[in-house]
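A.B. asks: Provided herewith: data-v3.cif, mmCIF, C-alpha atoms.
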data_coords
#
loop_
_atom_site.label_atom_id
_atom_site.label_comp_id
_atom_site.auth_asym_id
_atom_site.auth_seq_id
_atom_site.Cartn_x
_atom_site.Cartn_y
_atom_site.Cartn_z
CA MET A 1 -61.10 45.32 -22.34
CA ASP A 2 -57.36 45.88 -21.93
CA TRP A 3 -55.51 48.04 -19.43
CA GLU A 4 -53.46 50.10 -21.89
CA GLN A 5 -56.65 51.39 -23.52
CA LEU A 6 -58.46 51.73 -20.18
CA LEU A 7 -55.64 53.95 -18.85
CA SER A 8 -56.02 56.47 -21.67
CA LEU A 9 -54.63 59.93 -20.99
CA LYS A 10 -56.65 61.40 -23.86
CA ARG A 11 -58.66 64.55 -23.17
CA HIS A 12 -61.53 66.13 -25.09
CA GLY A 13 -60.24 67.79 -28.24
CA ASP A 14 -56.89 65.99 -28.41
CA SER A 15 -55.64 65.43 -31.95
CA ARG A 16 -52.89 62.96 -30.99
CA LYS A 17 -52.47 60.19 -28.47
CA ARG A 18 -50.95 61.07 -25.08
CA LEU A 19 -48.37 58.48 -24.09
CA ARG A 20 -47.62 57.63 -20.47
CA LYS A 21 -43.88 57.43 -21.09
CA GLU A 22 -43.91 61.05 -22.32
CA GLN A 23 -45.57 62.39 -19.16
CA ASP A 24 -43.86 64.87 -16.86
CA GLU A 25 -43.23 62.83 -13.70
CA THR A 26 -43.54 65.93 -11.51
CA ARG A 27 -47.18 66.48 -12.51
CA LEU A 28 -48.84 63.56 -14.25
CA GLY A 29 -51.96 63.97 -16.37
CA PHE A 30 -54.02 61.94 -13.90
CA GLU A 31 -52.87 64.26 -11.10
CA VAL A 32 -53.93 67.25 -13.20
CA ASP A 33 -57.44 65.74 -13.17
CA TYR A 34 -57.48 65.89 -9.37
CA ASP A 35 -56.35 69.52 -9.40
CA ARG A 36 -58.98 70.58 -11.93
CA ILE A 37 -61.75 68.97 -9.91
CA ILE A 38 -60.72 70.39 -6.55
CA PHE A 39 -60.43 73.95 -7.93
CA SER A 40 -63.83 73.82 -9.66
CA SER A 41 -66.77 75.84 -8.35
CA ALA A 42 -68.98 72.74 -8.48
CA PHE A 43 -66.67 70.97 -6.05
CA ARG A 44 -66.51 73.95 -3.69
CA SER A 45 -70.31 74.02 -3.40
CA LEU A 46 -70.15 70.57 -1.76
CA GLN A 47 -68.93 72.24 1.45
CA ASP A 48 -72.53 73.15 2.26
CA LYS A 49 -74.40 70.15 0.87
CA THR A 50 -75.90 67.42 2.99
CA GLN A 51 -74.21 64.07 3.41
CA VAL A 52 -76.50 62.66 6.14
CA ILE A 53 -77.99 65.45 8.26
CA PRO A 54 -79.48 68.36 6.23
CA LEU A 55 -78.56 71.86 7.42
CA SER A 56 -76.64 70.50 10.40
CA LYS A 57 -75.12 73.18 12.62
CA THR A 58 -72.55 70.87 14.22
CA ASP A 59 -68.92 70.97 13.13
CA PHE A 60 -68.28 67.23 13.23
CA VAL A 61 -71.04 66.04 10.90
CA HIS A 62 -69.84 65.31 7.38
CA THR A 63 -70.85 67.38 4.39
CA ARG A 64 -70.60 66.21 0.78
CA LEU A 65 -67.22 67.97 0.66
CA THR A 66 -65.63 66.21 3.62
CA HIS A 67 -67.20 62.92 2.51
CA SER A 68 -65.77 63.34 -1.00
CA LEU A 69 -62.29 64.12 0.33
CA GLU A 70 -62.38 61.03 2.54
CA VAL A 71 -63.66 58.83 -0.28
CA SER A 72 -60.82 60.17 -2.42
CA VAL A 73 -58.22 59.25 0.22
CA VAL A 74 -59.63 55.73 0.51
CA GLY A 75 -59.86 55.51 -3.29
CA ARG A 76 -56.21 56.49 -3.66
CA SER A 77 -55.19 53.66 -1.30
CA LEU A 78 -57.39 51.20 -3.18
CA GLY A 79 -56.01 52.31 -6.55
CA ARG A 80 -52.37 52.16 -5.48
CA SER A 81 -52.72 48.72 -3.91
CA ALA A 82 -54.59 47.38 -6.94
CA GLY A 83 -52.09 49.03 -9.28
CA LYS A 84 -49.15 47.37 -7.57
CA LYS A 85 -50.70 43.93 -8.01
CA LEU A 86 -51.83 44.61 -11.58
CA LEU A 87 -48.34 45.73 -12.66
CA GLU A 88 -46.90 42.53 -11.22
CA LYS A 89 -49.47 40.57 -13.23
CA HIS A 90 -49.09 42.65 -16.42
CA PRO A 91 -45.41 43.75 -16.42
CA HIS A 92 -45.59 45.20 -19.97
CA LEU A 93 -47.69 48.07 -18.59
CA LYS A 94 -44.68 49.10 -16.52
CA GLU A 95 -41.80 47.99 -18.74
CA VAL A 96 -43.17 49.14 -22.12
CA HIS A 97 -45.69 51.88 -21.36
CA ARG A 98 -44.11 53.14 -18.08
CA TYR A 99 -47.28 53.06 -15.98
CA ARG A 100 -46.72 53.14 -12.21
CA PHE A 101 -48.94 51.99 -9.36
CA ASN A 102 -49.44 55.65 -8.44
CA ASP A 103 -51.24 56.14 -11.77
CA PHE A 104 -54.00 53.80 -10.66
CA GLY A 105 -54.20 55.62 -7.33
CA ALA A 106 -54.41 59.02 -9.03
CA ILE A 107 -57.20 57.94 -11.38
CA VAL A 108 -59.31 56.42 -8.61
CA ALA A 109 -58.62 59.36 -6.28
CA ALA A 110 -59.73 61.91 -8.90
CA ALA A 111 -62.87 59.98 -9.87
CA ALA A 112 -63.70 59.44 -6.19
CA LEU A 113 -63.18 63.15 -5.48
CA ALA A 114 -65.81 63.94 -8.14
CA HIS A 115 -68.23 61.12 -7.37
CA ASP A 116 -70.81 63.39 -5.66
CA ILE A 117 -70.11 66.57 -7.62
CA GLY A 118 -73.51 66.50 -9.35
CA ASN A 119 -75.64 65.84 -6.27
CA PRO A 120 -78.37 68.38 -5.37
CA PRO A 121 -78.84 70.00 -1.94
CA PHE A 122 -80.58 68.14 0.90
CA GLY A 123 -78.99 64.74 0.23
CA HIS A 124 -80.58 62.01 -1.85
CA SER A 125 -84.01 63.50 -1.14
CA GLY A 126 -82.88 66.42 -3.34
CA GLU A 127 -82.70 64.12 -6.37
CA LYS A 128 -86.15 62.75 -5.57
CA ALA A 129 -87.57 66.23 -5.05
CA ILE A 130 -86.43 67.38 -8.52
CA GLY A 131 -87.87 64.27 -10.15
CA GLU A 132 -91.14 64.40 -8.24
CA TYR A 133 -91.79 67.99 -9.33
CA PHE A 134 -91.92 66.82 -12.95
CA LYS A 135 -93.50 63.44 -12.28
CA THR A 136 -96.33 64.35 -9.88
CA GLY A 137 -96.08 68.12 -9.41
CA MET A 138 -96.67 71.14 -11.62
CA GLY A 139 -93.85 70.04 -13.92
CA GLN A 140 -96.06 67.29 -15.37
CA GLN A 141 -97.30 69.87 -17.87
CA TYR A 142 -93.99 69.66 -19.73
CA GLN A 143 -94.20 65.95 -20.55
CA SER A 144 -95.93 66.62 -23.87
CA VAL A 145 -93.03 68.74 -25.18
CA LEU A 146 -90.33 66.19 -24.38
CA SER A 147 -89.31 62.84 -25.83
CA GLN A 148 -89.63 59.76 -23.61
CA LYS A 149 -85.94 59.73 -22.74
CA GLU A 150 -85.82 63.47 -22.15
CA TYR A 151 -88.76 63.23 -19.77
CA GLN A 152 -87.19 60.23 -18.03
CA ASP A 153 -83.98 62.23 -17.55
CA ILE A 154 -85.78 64.77 -15.40
CA ILE A 155 -88.36 62.63 -13.57
CA ASP A 156 -85.50 60.37 -12.44
CA PHE A 157 -83.01 63.23 -12.07
CA GLU A 158 -79.70 61.56 -11.33
CA GLY A 159 -76.71 63.12 -9.57
CA ASN A 160 -74.31 60.82 -11.41
CA ALA A 161 -75.56 62.01 -14.80
CA ASN A 162 -75.41 65.61 -13.62
CA GLY A 163 -71.85 64.99 -12.47
CA PHE A 164 -70.84 63.76 -15.93
CA LYS A 165 -72.50 66.87 -17.40
CA LEU A 166 -70.55 69.16 -15.08
CA LEU A 167 -67.25 67.46 -15.87
CA THR A 168 -67.68 67.42 -19.67
CA GLU A 169 -70.13 70.14 -20.72
CA SER A 170 -68.80 72.71 -23.17
CA ARG A 171 -69.53 76.39 -22.61
CA GLU A 172 -68.68 79.36 -24.74
CA GLY A 173 -64.89 79.56 -24.71
CA VAL A 174 -64.60 76.41 -22.57
CA ASP A 175 -64.67 73.34 -24.79
CA GLY A 176 -65.06 69.99 -23.05
CA GLY A 177 -65.72 71.20 -19.53
CA LEU A 178 -62.85 70.37 -17.15
CA ARG A 179 -61.16 68.33 -19.90
CA LEU A 180 -60.30 65.42 -17.65
CA SER A 181 -58.46 62.37 -18.93
CA PHE A 182 -60.78 59.73 -20.37
CA ALA A 183 -59.42 57.21 -17.85
CA THR A 184 -60.66 59.36 -14.96
CA LEU A 185 -64.00 59.99 -16.69
CA GLY A 186 -64.34 56.25 -17.27
CA ALA A 187 -63.67 55.47 -13.60
CA PHE A 188 -66.27 58.11 -12.67
CA MET A 189 -68.97 56.54 -14.88
CA LYS A 190 -70.71 54.37 -12.28
CA TYR A 191 -73.84 53.68 -14.36
CA PRO A 192 -72.80 53.53 -18.05
CA LYS A 193 -76.31 53.65 -19.53
CA GLU A 194 -79.02 56.16 -20.44
CA SER A 195 -82.26 56.71 -18.52
CA LEU A 196 -84.28 54.28 -20.66
CA PRO A 197 -84.92 51.39 -20.71
CA LYS A 198 -85.68 51.25 -17.01
CA LYS A 199 -86.38 47.81 -15.58
CA PRO A 200 -85.70 45.77 -12.42
CA THR A 201 -82.17 44.37 -12.44
CA LYS A 202 -79.60 42.77 -10.18
CA GLN A 203 -76.79 44.31 -12.24
CA VAL A 204 -75.32 47.12 -10.16
CA SER A 205 -74.22 49.09 -13.25
CA GLU A 206 -77.81 49.35 -14.51
CA LYS A 207 -79.66 50.32 -11.31
CA LYS A 208 -79.45 54.01 -12.26
CA PHE A 209 -78.24 55.94 -15.32
CA GLY A 210 -75.06 57.85 -15.94
CA PHE A 211 -75.73 60.51 -18.58
CA PHE A 212 -78.48 62.77 -19.84
CA GLN A 213 -79.50 62.81 -23.49
CA SER A 214 -77.62 66.10 -23.83
CA GLU A 215 -74.31 64.31 -23.05
CA LYS A 216 -74.95 61.10 -24.99
CA LYS A 217 -72.41 61.90 -27.70
CA ALA A 218 -69.70 62.77 -25.16
CA PHE A 219 -70.41 59.62 -23.19
CA ILE A 220 -70.11 57.39 -26.25
CA GLU A 221 -66.83 59.10 -27.22
CA VAL A 222 -65.31 58.32 -23.81
CA ALA A 223 -66.63 54.74 -23.73
CA GLU A 224 -65.35 53.94 -27.22
CA GLU A 225 -61.92 55.47 -26.59
CA LEU A 226 -61.55 53.35 -23.46
CA GLY A 227 -62.78 50.20 -25.19
CA LEU A 228 -65.63 49.58 -22.75
CA ARG A 229 -67.69 46.59 -23.81
CA GLN A 230 -71.01 47.67 -25.34
CA THR A 231 -73.84 45.74 -23.69
CA ARG A 232 -76.76 47.23 -25.61
CA THR A 233 -76.88 48.66 -29.14
CA GLY A 234 -79.37 50.51 -31.30
CA ASN A 235 -81.39 53.35 -29.84
CA ASP A 236 -80.82 52.25 -26.24
CA ILE A 237 -77.11 52.11 -25.49
CA SER A 238 -75.21 50.87 -22.47
CA PHE A 239 -71.67 49.72 -21.70
CA SER A 240 -69.86 47.64 -19.13
CA ARG A 241 -68.14 49.52 -16.35
CA HIS A 242 -64.55 50.69 -16.41
CA PRO A 243 -62.77 48.29 -14.01
CA LEU A 244 -61.54 51.10 -11.76
CA THR A 245 -65.16 52.18 -11.21
CA PHE A 246 -65.48 49.20 -8.87
CA LEU A 247 -62.73 50.69 -6.71
CA VAL A 248 -64.38 54.13 -6.70
CA GLU A 249 -67.64 52.48 -5.65
CA ALA A 250 -65.86 50.47 -2.93
CA ALA A 251 -64.26 53.65 -1.55
CA ASP A 252 -67.68 55.29 -1.35
CA ASP A 253 -69.27 52.20 0.20
CA ILE A 254 -66.53 51.93 2.82
CA CYS A 255 -66.80 55.58 3.80
CA TYR A 256 -70.55 55.88 4.03
CA THR A 257 -70.81 52.57 5.90
CA ILE A 258 -68.28 53.54 8.54
CA ILE A 259 -68.37 57.34 8.60
CA ASP A 260 -72.14 57.87 8.42
CA PHE A 261 -72.25 55.46 11.35
CA GLU A 262 -69.63 57.58 13.14
CA ASP A 263 -71.75 60.72 12.58
CA GLY A 264 -74.73 58.95 14.12
CA ILE A 265 -72.68 58.13 17.21
CA ASN A 266 -71.36 61.69 17.55
CA LEU A 267 -74.89 63.07 17.21
CA GLY A 268 -76.12 60.77 19.97
CA LEU A 269 -78.52 58.99 17.60
CA ILE A 270 -76.75 55.70 18.32
CA PRO A 271 -75.54 54.89 21.88
CA GLU A 272 -71.76 54.61 22.09
CA ASP A 273 -71.61 51.18 23.71
CA PHE A 274 -74.04 49.73 21.20
CA ALA A 275 -72.21 51.30 18.26
CA LEU A 276 -68.71 50.34 19.34
CA GLU A 277 -69.86 46.75 19.68
CA TYR A 278 -70.85 46.77 15.99
CA LEU A 279 -67.47 48.15 14.92
CA ILE A 280 -65.55 45.72 17.13
CA LYS A 281 -67.34 42.83 15.41
CA LEU A 282 -66.00 44.14 12.11
CA VAL A 283 -62.38 44.40 13.26
CA LYS A 284 -62.20 41.67 15.90
CA ASP A 285 -59.46 39.80 13.99
CA ARG A 286 -57.19 42.86 13.82
CA ILE A 287 -57.90 44.85 16.96
CA ASN A 288 -55.14 45.46 19.51
CA THR A 289 -57.17 44.99 22.68
CA LYS A 290 -54.48 46.44 24.95
CA LYS A 291 -54.24 49.61 22.85
CA TYR A 292 -58.02 49.93 22.62
CA ASN A 293 -58.51 49.57 26.37
CA SER A 294 -55.88 52.24 27.01
CA LEU A 295 -57.94 54.89 25.19
CA ALA A 296 -59.75 56.97 27.80
CA TYR A 297 -62.00 59.07 25.55
CA LYS A 298 -64.88 58.12 23.27
CA GLU A 299 -63.50 60.16 20.36
CA ASP A 300 -60.19 58.29 20.49
CA ARG A 301 -61.84 54.88 20.77
CA LEU A 302 -64.11 55.70 17.86
CA SER A 303 -61.22 57.07 15.78
CA TYR A 304 -59.16 53.93 16.37
CA LEU A 305 -61.99 51.59 15.41
CA ARG A 306 -62.89 53.68 12.37
CA ALA A 307 -59.32 53.63 11.02
CA LEU A 308 -59.02 49.90 11.67
CA ALA A 309 -62.39 49.20 10.02
CA ILE A 310 -61.53 51.23 6.91
CA ASN A 311 -58.15 49.51 6.56
CA THR A 312 -59.78 46.09 6.99
CA LEU A 313 -62.32 46.79 4.25
CA ILE A 314 -59.69 48.27 1.90
CA ASN A 315 -57.62 45.08 2.10
CA ASP A 316 -60.72 42.96 1.60
CA ALA A 317 -61.87 44.95 -1.44
CA ILE A 318 -58.41 44.72 -3.08
CA GLU A 319 -58.36 40.96 -2.69
CA ILE A 320 -61.82 40.65 -4.27
CA PHE A 321 -60.85 43.00 -7.13
CA VAL A 322 -57.66 41.15 -8.02
CA ASP A 323 -59.31 37.73 -7.70
CA ASN A 324 -62.02 38.81 -10.15
CA GLU A 325 -59.88 40.85 -12.55
CA GLU A 326 -60.46 38.49 -15.47
CA THR A 327 -64.27 38.68 -15.32
CA ILE A 328 -64.11 42.42 -14.65
CA LEU A 329 -62.09 42.92 -17.83
CA LYS A 330 -64.56 40.75 -19.74
CA GLY A 331 -67.37 43.04 -18.54
CA THR A 332 -69.29 40.14 -16.98
CA PHE A 333 -68.61 41.08 -13.33
CA ASP A 334 -71.48 43.30 -12.14
CA VAL A 335 -71.75 43.35 -8.35
CA PRO A 336 -70.21 45.76 -5.82
CA LEU A 337 -66.90 44.53 -4.43
CA LEU A 338 -68.20 44.73 -0.87
CA GLY A 339 -71.14 42.58 -1.94
CA LEU A 340 -68.63 39.70 -1.95
CA SER A 341 -66.87 40.79 1.23
CA SER A 342 -66.07 38.28 3.93
CA TYR A 343 -67.37 40.99 6.27
CA LYS A 344 -70.68 41.33 4.45
CA ALA A 345 -72.76 40.35 7.49
CA GLN A 346 -71.07 42.96 9.70
CA ILE A 347 -71.43 45.63 7.00
CA GLU A 348 -75.12 44.88 6.59
CA ASP A 349 -75.63 45.09 10.36
CA ILE A 350 -74.04 48.54 10.47
CA ILE A 351 -76.01 49.81 7.45
CA SER A 352 -79.25 48.44 8.90
CA LEU A 353 -78.66 50.22 12.20
CA SER A 354 -77.73 53.45 10.39
CA ALA A 355 -80.89 53.27 8.27
CA LYS A 356 -83.06 52.89 11.34
CA GLU A 357 -81.39 55.33 13.72
CA ILE A 358 -79.85 57.95 11.37
CA TYR A 359 -81.40 58.07 7.91
CA GLN A 360 -84.93 57.69 9.31
CA SER A 361 -84.43 59.88 12.37
CA GLN A 362 -86.99 62.60 13.01
CA GLU A 363 -84.42 65.34 12.41
CA VAL A 364 -83.52 64.00 8.98
CA ILE A 365 -87.14 63.42 7.93
CA GLU A 366 -88.28 66.91 8.97
CA LYS A 367 -85.45 68.62 7.09
CA GLU A 368 -85.97 66.48 4.00
CA ILE A 369 -89.64 67.53 3.96
CA ALA A 370 -88.54 71.17 4.03
CA GLY A 371 -86.08 70.41 1.22
CA TYR A 372 -88.86 68.98 -0.98
CA LYS A 373 -90.89 72.18 -0.62
CA ILE A 374 -87.92 74.45 -1.22
CA ILE A 375 -86.79 72.64 -4.38
CA SER A 376 -90.32 72.37 -5.78
CA ASP A 377 -90.98 76.10 -5.32
CA ILE A 378 -87.66 77.13 -6.90
CA LEU A 379 -88.24 74.86 -9.89
CA ASP A 380 -91.77 76.14 -10.31
CA VAL A 381 -90.92 79.82 -10.55
CA TYR A 382 -87.84 79.43 -12.76
CA THR A 383 -89.15 76.82 -15.22
CA GLY A 384 -92.36 78.81 -15.64
CA ALA A 385 -90.52 82.07 -16.21
CA LEU A 386 -88.05 80.60 -18.72
CA ILE A 387 -90.65 78.69 -20.75
CA ARG A 388 -92.91 81.75 -20.89
CA LYS A 389 -89.98 83.86 -22.09
CA LYS A 390 -89.25 81.30 -24.82
CA GLU A 391 -92.90 81.52 -25.89
CA GLY A 392 -92.84 85.33 -25.82
CA LYS A 393 -95.28 85.47 -22.88
CA ALA A 394 -92.97 86.53 -20.06
CA SER A 395 -94.33 88.95 -17.47
CA ASN A 396 -92.25 91.67 -15.85
CA TYR A 397 -91.94 89.41 -12.80
CA ASP A 398 -90.64 86.60 -15.02
CA VAL A 399 -88.02 88.92 -16.51
CA LEU A 400 -86.88 89.96 -13.03
CA LEU A 401 -86.68 86.35 -11.89
CA ILE A 402 -84.60 85.28 -14.87
CA LYS A 403 -82.11 88.09 -14.18
CA THR A 404 -81.32 86.46 -10.82
CA LEU A 405 -80.03 83.31 -12.60
CA PRO A 406 -76.38 82.95 -13.64
CA ASP A 407 -75.98 83.96 -17.30
CA PHE A 408 -75.58 80.38 -18.54
CA TYR A 409 -79.00 79.40 -17.19
CA GLN A 410 -80.83 82.43 -18.62
CA ARG A 411 -80.76 81.06 -22.18
CA THR A 412 -84.13 80.49 -23.83
CA GLU A 413 -83.06 80.21 -27.48
CA VAL A 414 -82.60 76.45 -26.92
CA SER A 415 -85.04 73.51 -26.79
CA ASN A 416 -87.58 73.04 -24.01
CA TYR A 417 -85.58 70.03 -22.87
CA VAL A 418 -82.38 72.04 -22.49
CA ILE A 419 -84.23 74.80 -20.62
CA LEU A 420 -85.83 72.35 -18.19
CA LEU A 421 -82.70 70.23 -17.71
CA ASN A 422 -80.52 73.31 -17.19
CA THR A 423 -82.95 74.59 -14.57
CA CYS A 424 -82.77 71.23 -12.79
CA CYS A 425 -78.99 71.40 -12.95
CA TYR A 426 -79.03 74.96 -11.59
CA VAL A 427 -81.10 73.85 -8.60
CA ALA A 428 -78.77 70.86 -8.17
CA SER A 429 -75.78 73.21 -8.09
CA LEU A 430 -77.11 75.09 -5.06
CA SER A 431 -75.80 74.44 -1.59
CA ASP A 432 -78.34 73.76 1.16
CA SER A 433 -78.03 77.29 2.54
CA ALA A 434 -78.17 78.91 -0.92
CA ALA A 435 -81.36 77.01 -1.72
CA VAL A 436 -82.96 78.22 1.53
CA HIS A 437 -81.81 81.80 0.83
CA ILE A 438 -83.18 81.82 -2.75
CA HIS A 439 -86.45 80.28 -1.59
CA ASN A 440 -86.86 83.00 1.03
CA LYS A 441 -86.24 85.65 -1.64
CA ILE A 442 -88.69 84.36 -4.22
CA MET A 443 -91.34 83.70 -1.56
CA GLY A 444 -90.99 87.30 -0.35
CA LYS A 445 -89.77 86.26 3.10
CA GLN A 446 -86.47 88.14 2.88
CA LEU A 447 -85.46 91.45 1.34
#
What's the structure tokens form of this structure?

C.D. replies:
Amino acid sequence: MDWEQLLSLKRHGDSRKRLRKEQDETRLGFEVDYDRIIFSSAFRSLQDKTQVIPLSKTDFVHTRLTHSLEVSVVGRSLGRSAGKKLLEKHPHLKEVHRYRFNDFGAIVAAAALAHDIGNPPFGHSGEKAIGEYFKTGMGQQYQSVLSQKEYQDIIDFEGNANGFKLLTESREGVDGGLRLSFATLGAFMKYPKESLPKKPTKQVSEKKFGFFQSEKKAFIEVAEELGLRQTRTGNDISFSRHPLTFLVEAADDICYTIIDFEDGINLGLIPEDFALEYLIKLVKDRINTKKYNSLAYKEDRLSYLRALAINTLINDAIEIFVDNEETILKGTFDVPLLGLSSYKAQIEDIISLSAKEIYQSQEVIEKEIAGYKIISDILDVYTGALIRKKEGKASNYDVLLIKTLPDFYQRTEVSNYVILLNTCCYVASLSDSAAVHIHNKIMGKQL
């Protein structure tokens, strides 16, 4: 892979190449990507989607929206720092093609902003709830009308694949979705493979999948334009990651490691003294003890340690990225950057404590159980109604139900796969509160 191709400004439908040296410096194409994402309805819905604590009523617990904004900020710093070093190493990118270090920051920031855009309500349990409905619930009945890969798409419903769908899916009058640059789409593509084959692997890029069968053509177009190395051919395709994907992943890893931990402290799930000790271990080489001891309030102490920890991990991730640039460009590097961190032990300690005290807390478990029921019930009524309408067997109740869906999701003149996948994507688009509201309506609990 080479950087000039990887930094492609091409967008869906372009008939000619977009050159960096012809860009308007006041509003670069990569910055346009950021704007298009942040103004999209899919991004706005993240304001009421769970990051850690479902349906939290506190104002300091992160939602998917605040998490995505923070990941984007960290991603921008990672991209700019990496870009500065890469331009020093590959001066032709700057001297001939006019790329700037801010370009790298803009690409990573935009991809990081969108990294959770396809995630369902109720956190990661929302993905599992959609899949379980079709794997072990009433949705099993549809397996016979789907191909193996189509069925795998929905029983392993994946927020990353749904995100790629949202960013690229054409609608009537809107060709190519948000029409982001291929460089940004490439950086977004965390798992550049389809849902099958599925097998145990240590390769981070193959642990999940990144596109549904409905977006396979679009995915291949982006991968080929960027020159991603194809790692599997024939009926089962996969590619190596775009190098900047590692920075997007690092930004996400840094934020959820530190900030989920911070939420747990603020919620009282982790005692302050115990938690601060963990953070101090991470930043002990950089901490200004005099400044820290002068902070009288918990919020200020926590804020100081959080900022120091994030900065420490950013610098560490950049060093790892630059040191491994050659193997990354060859497509043979396939571990998270923080997996090679000199602070790996401290990171693992924090994640282990978060898993025990936050992710497995009674409050989280109880709300995830409710989320499973809500998602299953919504899927059941809508998939049943839409399939029966396609078969000409819809009841009056089915017709009424379908009218409550947005127009795009009411279509039944398409394949069973498209109907079922679109219904999954509709449920995934709902905020936590919207899912609860719709469930109350269809269950007759609210007029």

A.B. asks: Would you mind listing what lies within 10 Å of Ile358 in chain A as a list in words, with only C-alpha atoms counted and same-chain residues fewer than 5 positions away left out?

C.D. replies: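 Selected residues are Val52, Ile53, Asp260, Phe261, Asp263, Gly264, Ile265, Leu267, Gly268, Leu269, Ile270, Ile351, Ser352, Leu353, Glu363, Val364 and Ile365 of chain A.
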
A.B. asks: What's around Glu368 in chain A at 9 Å? Count only C-alpha atoms, leave out sequence neighbours fewer than 6 positions away in its own chain, and write the answer as a PyMOL selection string.

C.D. replies: chain A and resi 54+122-123+125-126

A.B. asks: Residue by residue, what does the PyMOL selection byres ((chain A and resi 203-208) around 8) grab here? Present the result as a short mmCIF file (atom, residue, chain, number, x, y, z; two decimals) with C-alpha atoms, in the frame of the given file.

C.D. replies:
data_model
loop_
_atom_site.label_atom_id
_atom_site.label_comp_id
_atom_site.auth_asym_id
_atom_site.auth_seq_id
_atom_site.Cartn_x
_atom_site.Cartn_y
_atom_site.Cartn_z
CA GLU A 158 -79.70 61.56 -11.33
CA LYS A 190 -70.71 54.37 -12.28
CA TYR A 191 -73.84 53.68 -14.36
CA PRO A 192 -72.80 53.53 -18.05
CA LYS A 193 -76.31 53.65 -19.53
CA SER A 195 -82.26 56.71 -18.52
CA PRO A 200 -85.70 45.77 -12.42
CA THR A 201 -82.17 44.37 -12.44
CA LYS A 202 -79.60 42.77 -10.18
CA PHE A 209 -78.24 55.94 -15.32
CA GLY A 210 -75.06 57.85 -15.94
CA SER A 240 -69.86 47.64 -19.13
CA ARG A 241 -68.14 49.52 -16.35
CA ASP A 334 -71.48 43.30 -12.14
CA VAL A 335 -71.75 43.35 -8.35
CA PRO A 336 -70.21 45.76 -5.82
#

A.B. asks: Any chance you could resolve the PyMOL selection byres ((chain A and resi 10-27) around 6) against this file and give the residues as a PyMOL selection string?

C.D. replies: chain A and resi 8-9+28+97-98+176+179-182

A.B. asks: Glu413 in chain A: which residues within 12 Å, counting all atoms listed in the file, same-chain residues fewer than 6 positions away excluded, as a PDB file with C-alpha atoms, keeping the file's coordinate frame?

C.D. replies:
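Listed below is the output, selection_4.pdb:
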ATOM      1  CA  LEU A 386     -88.050  80.600 -18.720  1.00  0.00           C
ATOM      2  CA  ILE A 387     -90.650  78.690 -20.750  1.00  0.00           C
ATOM      3  CA  ARG A 388     -92.910  81.750 -20.890  1.00  0.00           C
ATOM      4  CA  LYS A 389     -89.980  83.860 -22.090  1.00  0.00           C
ATOM      5  CA  LYS A 390     -89.250  81.300 -24.820  1.00  0.00           C
ATOM      6  CA  GLU A 391     -92.900  81.520 -25.890  1.00  0.00           C
ATOM      7  CA  GLY A 392     -92.840  85.330 -25.820  1.00  0.00           C
ATOM      8  CA  ILE A 419     -84.230  74.800 -20.620  1.00  0.00           C
TER       9      ILE A 419
END

A.B. asks: Could you check which of A:Ile287, A:Leu421, A:Ile107, A:Leu247 is closest to Ile320 in chain A, using all atoms listed in the file?

C.D. replies: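 For Ile320 in chain A, the nearest of the given residues is A:Leu247.
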
A.B. asks: Could you check which of A:Ser341, A:Asn396, A:Ser40, A:Gln148 is closest to Thr312 in chain A, using all atoms listed in the file?

C.D. replies: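 Looking only at the distances to Thr312 in chain A, the closest residue turns out to be A:Ser341.
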
A.B. asks: Which residues, written as a list in words, have at least one atom at most 12 Å from Ile442 in chain A, with all atoms listed in the file counted and residues fewer than 5 positions away on the same chain left out?

C.D. replies: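 Near neighbours after the sequence-gap exclusion: Ile374, Ile375, Asp377, Ile378, Leu379, Asp380, Val381, Tyr382, Tyr397, Asp398, Leu400, Leu401, Ile402, Thr404, Ala435, Val436, His437 and Leu447 of chain A.
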
A.B. asks: So that I can check the surroundings of range 70-76 of chain A, please list as a PyMOL selection string every protein, DNA and RNA residue that reaches within 8 Å of it, counting all atoms listed in the file and ignoring chain neighbours fewer than 5 positions away.

C.D. replies: chain A and resi 104-113+247-248+250-252+255+314

A.B. asks: Nearest residue to Ala317 in chain A out of A:Ile350, A:Ala82, A:Ala385, A:Val145, using only C-alpha atoms?

C.D. replies: A:Ala82

A.B. asks: From the list A:Glu299, A:Ser376, A:Pro121, A:Phe408, which residue is nearest Thr136 in chain A when using all atoms listed in the file?

C.D. replies: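 Of A:Glu299, A:Ser376, A:Pro121, A:Phe408, the one nearest Thr136 in chain A, counting all atoms listed in the file, is A:Ser376.
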
A.B. asks: Just checking: using all atoms listed in the file, which residue out of A:Val322, A:Leu244, A:Ala161, A:Leu178 ends up closest to Asp35 in chain A?

C.D. replies: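 That would be A:Leu178, the residue with the smallest distance to Asp35 in chain A.
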
A.B. asks: I'd like to know which of A:Gln213, A:Arg64, A:Asp175, A:Glu169 is closest to Ile117 in chain A, using all atoms listed in the file.

C.D. replies: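 Closest candidate: A:Arg64.
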
A.B. asks: In Å, how far is it from CA of Phe30 in chain A to CA of Glu88 in chain A?

C.D. replies: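 Result for CA of Phe30 in chain A versus CA of Glu88 in chain A: 20.8 Å, one decimal.
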
A.B. asks: Once the PyMOL selection byres ((chain A and resi 134) around 12) has been evaluated on this model, what residues remain selected, and can you format them as a ChimeraX atom specification?

C.D. replies: /A:127-133,135-144,146,150-157,375-376,379-380,383,420-421,423-424
